[in-house]
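**Q** One structure follows; several queries about it will come next.
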Amino acid sequence: MKIILLSDVKNVGKKGEVKEVADGYGRNYLIRNRLAVEATKKSMEILDQQKADEKARQEELKKQAEELKKQIEAGTLIFKVRAGNEGKIFGSVSPAKIAEQLTSDFGITVDKRKFVDNENLTTLGNHKVRVELYKGVIATVKVNIQAQ
């Protein structure tokens, strides 16, 4: 029996895949528990439409990420911190602080876990920090740390 999976099923497949399973397993377990539907001509058309919609949505998200990348790379974030001799600062500038500053300065919300170089900045001067906005879209944030 051919089925279309509606959710991930262990040892069978992932959501949206078309699989061949035993008749009893498909009818009595997968379809009854709404984990799958029978692969008819109509359900295959619906699956194709859903895949096309998802692809278009992913393209739109990528386009939005590219625009955010341009906005982020156009500006520079400035942090004024207390510093000691030899350019060492007291404390550090973390990715969370950078994400917070991006939100307050440019209105761009970025998750702190999306920073590729996930390390704290501990020296004065100019730094470049990379952040992944979308799969394959990586923006470089320019950070300038100055002494108060």
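For the structure tokens, the naming scheme is as follows: chains receive sequential letters (A, B, ...) according to their order of presentation, residues are indexed from 1 within each chain, and ligands are indexed from 1 in presentation order.
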Would you pick out the contacts of stretch 33-48 of chain A at 9 Å or less, using only C-alpha atoms, so that residues sharing its chain but fewer than 6 positions from it are not included, and give the list as an MDAnalysis selection string?

**A** chainID A and resid 1:9 15:16 18:19 26:27

**Q** I'd like the contact shell of A:His127 - 7 Å cut-off, only C-alpha atoms, skipping same-chain residues fewer than 3 positions apart - returned as a count of residues only.

**A** 3

**Q** Please compute the atom CA of A:Val93-atom CA of A:Leu121 distance, one decimal, in Å.

**A**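 Going from atom CA of A:Val93 over to atom CA of A:Leu121, I get 5.0 Å.
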
**Q** Report as a PyMOL selection string all protein, DNA and RNA residues lying within 12 Å of stretch 78-80 of chain A, evaluated on only C-alpha atoms, omitting residues in the same chain fewer than 4 positions from it.

**A** chain A and resi 89-90+92-94+97-98+100-102+104-105+121-127+141-148

**Q** Give me, as number ranges by chain, the residues of stretch 11-42 of chain A that a backbone DSSP run labels alpha helix (DSSP H).

**A** A: 23-25, 41-42

**Q** Mind checking which residues fall within 12 Å of A:Glu67, counting only C-alpha atoms, ignoring those fewer than 5 positions away in the same chain, and posting them as a PyMOL selection string?

**A** chain A and resi 60-62+72-74+108+133-134+137-139

**Q** Find the residues around A:Arg130 up to 6 Å (only C-alpha atoms counted), leave out those fewer than 2 positions away in its own chain, and share them as a compact mmCIF listing (two decimals) with N, CA, C and O atoms, in the first residue's frame.

**A**
```txt
# COMPACT_ATOMS: atom_id res chain seq x y z
N PHE A 115 24.69 33.58 15.91
CA PHE A 115 26.02 34.12 15.65
C PHE A 115 26.98 32.98 15.37
O PHE A 115 27.09 32.04 16.15
N VAL A 116 27.70 33.08 14.24
CA VAL A 116 28.62 32.02 13.84
C VAL A 116 29.86 32.05 14.75
O VAL A 116 30.30 31.02 15.24
N ALA A 139 25.56 37.37 7.38
CA ALA A 139 25.85 38.80 7.37
C ALA A 139 27.01 39.08 8.33
O ALA A 139 27.20 38.38 9.32
N THR A 140 27.79 40.11 8.01
CA THR A 140 28.89 40.53 8.87
C THR A 140 28.51 41.82 9.58
O THR A 140 28.25 42.83 8.95
```

**Q** List every residue of stretch 10-75 of chain A that DSSP, applied to the backbone of this structure, assigns to strand (DSSP E), and report them as a PyMOL selection string.

**A** chain A and resi 18-20+36-38

**Q** Hey, what's within 7 Å of A:Lys112 if we count only C-alpha atoms and toss same-chain stuff fewer than 4 positions away? As a list in words, please?

**A**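 After dropping sequence-adjacent residues, the list is Pro95, Ala96 and Ala99 of chain A.
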
**Q** Let's have the selection written as a tab-separated table (two decimals), in the first residue's frame, with C-alpha atoms.

**A**
```tsv
chain	number	residue	atom	x	y	z
A	95	PRO	CA	26.53	38.02	21.12
A	96	ALA	CA	23.43	38.67	23.26
A	99	ALA	CA	21.73	41.18	19.15
```
